[in-house]
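Asks: Just dropping this structure here.
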Amino acid sequence: QQRQQQRRQRQDARGDRQGRAASSASSGSGKAGRQAGSMGRVELLRRYRHFVLDCDGVLWHSAEAIAGAVEAVRRLRESGADVVFMTNNSTRTREAYLSKFTELGFDGVRVEDINTSGSAVAEHCQAKGFDKVFAIGETGLVDECRQLGIEVVQDGGSGDAMDDTEFARTETDAGVKAVVMGWDRTFNYRKLSLASLYLQGGAQLVATNPDASDKVGGRFMPGNGCAVAAVQYSVNDPYGERTTVVGKPNGKLIDSLLDKYGFKREATLMVGDRLDTDIKFAVNGKIDSLLVLSGCSTKDEADQAADEVAPTFVADDLRAALDEPLEPFQQG
């Protein structure tokens, strides 16, 4: 009975969206009105002059470029459109990502075109006056913080365990104002315990992203959100009410990107492969979005998505978005 009620609610919501779209299209105003009818490459590039591209699942999988992605980015740039990049992966610095772009054949990319959740966390901490942080994360997060003059404290112990005696006797650094968390493939119980102690002492929890997983080799590898959830549970905050997520899907990051590059909101399109981060990011930031099916989220998931993660358009991949007519996405 509960499932039937939820199904009816989704159907009612879908009907309301379609009704609003039809009304806006007939009046020729509003977002739905702009989207009425299919749109080819010329119309796409006329409407959107600023493109914010996710990386993993849009441009590449691990160390291999997705078919057609290099050519698609080149075509966007040659059209005169602005193309910048926003990744939730904080394991590399922007300079390291620049090397990856070059190695995979994405020519003309500059370090200032690249944004990571690690660089976003560093900028957030600098703005908040968090001049010393305890970091759980890899080189990308740590180095981005240090580049902005933030002192980084890391686990100096040995091993990956902490027993109850050590936990009770551990003295934390009183100067630490925040625990910053990015994807850490060496996350362990010792790091969890230290993060919990810092938060119990009054530090703020700042996370790069809440990603549950990343698609690697056709499988889903646990993401940063898994470790963040463990830390949240350790201080009785299972819903993350006291956590600041700085990367996607935080809509304030859209505002920062628009300000940084001088983009117009109505002419900006977010391209990503995840409903829960990329598309929700666009919705929170009040810009249009394109979901590509070359990464994590599927068409079936998009069909069942709630309004807060519903994309403007869906395409098989970035190349297909330029080669095939785009229809305004309607959930089926």
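Following the order of the structure tokens, first chain is A, next is B, and so on, with residues numbered from 1 inside each chain and ligands from 1 in the order they appear.
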Can you pull out the residues contacting Phe101 in chain A? Cut-off 12 Å, using only C-alpha atoms, and skip same-chain residues under 2 positions away; I want them as a PyMOL selection string.

Replies: chain A and resi 55-56+59-60+62-65+69-70+73+85+94-99+103-111+113-114

Asks: Fewer than 4 positions away in the same chain doesn't count, so skip those; otherwise give me all residues within 8 Å of Asp143 in chain A, counting only C-alpha atoms, as a list in words.

Replies: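 Returned residues: Thr93, Thr139 and Gln147 of chain A.
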
Asks: Can you list, as a PyMOL selection string, every residue of range 172-240 of chain A that DSSP puts in alpha helix (DSSP H)?

Replies: chain A and resi 189-200+224-234

Asks: Range 176-178 of chain A: which residues within 6 Å, counting only C-alpha atoms, same-chain residues fewer than 6 positions away excluded, as a ChimeraX atom specification?

Replies: /A:130,132-133,203-205

Asks: Using only C-alpha atoms, determine which residues lie at most 9 Å from range 304-319 of chain A, disregarding the query and same-chain residues fewer than 2 positions distant; provide the list as a VMD selection string.

Replies: chain A and resid 10 13 to 14 17 35 58 to 59 66 to 73 271 273 275 to 284 288 to 295 299 to 302 321 to 324 326 to 332

Asks: Write out as a compact mmCIF listing (two decimals) with C-alpha atoms, in the first residue's frame all residues of range 149-197 of chain A that backbone DSSP assigns to strand (DSSP E or B).

Replies:
```txt
# COMPACT_ATOMS: atom_id res chain seq x y z
CA GLU A 151 48.38 24.52 8.30
CA VAL A 152 47.50 20.86 7.86
CA VAL A 153 47.66 18.33 10.70
CA ALA A 178 38.10 22.06 11.19
CA VAL A 179 38.28 18.46 10.09
CA VAL A 180 38.45 18.41 6.29
CA MET A 181 37.58 15.20 4.48
```

Asks: What separation in Å, quoted to one decimal, exists between CA of Asp211 in chain A and CA of Val245 in chain A?

Replies: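 Interatomic distance, CA of Asp211 in chain A to CA of Val245 in chain A: 10.5 Å.
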
Asks: Can you work out which one of A:His61, A:Gly140, A:Arg185, A:Tyr48 has the shortest atom-to-atom distance to Arg219 in chain A, counting only C-alpha atoms?

Replies: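 Of the candidates, the smallest distance to Arg219 in chain A is held by A:His61.
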
Asks: For CA of Gly80 in chain A and CA of Lys286 in chain A, quote the distance in Å rounded to one decimal.

Replies: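 Interatomic distance here is 23.3 Å.
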
Asks: Fewer than 3 positions away in the same chain doesn't count, so skip those; otherwise give me all residues within 7 Å of Ala212 in chain A, counting only C-alpha atoms, as a ChimeraX atom specification.

Replies: /A:222-226

Asks: If you count only C-alpha atoms, which residues fall within 10 Å of Ser90 in chain A, apart from same-chain ones fewer than 4 positions away, as number ranges by chain?

Replies: A: 94, 115-121, 137-142, 144, 181-184, 208-209, 224, 247

Asks: For Arg265 in chain A, which of A:Ile150, A:Ile287, A:Leu45, A:Ala230 is the closest residue, counting only C-alpha atoms?

Replies: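 Nearest candidate to Arg265 in chain A out of A:Ile150, A:Ile287, A:Leu45, A:Ala230: A:Ile287.
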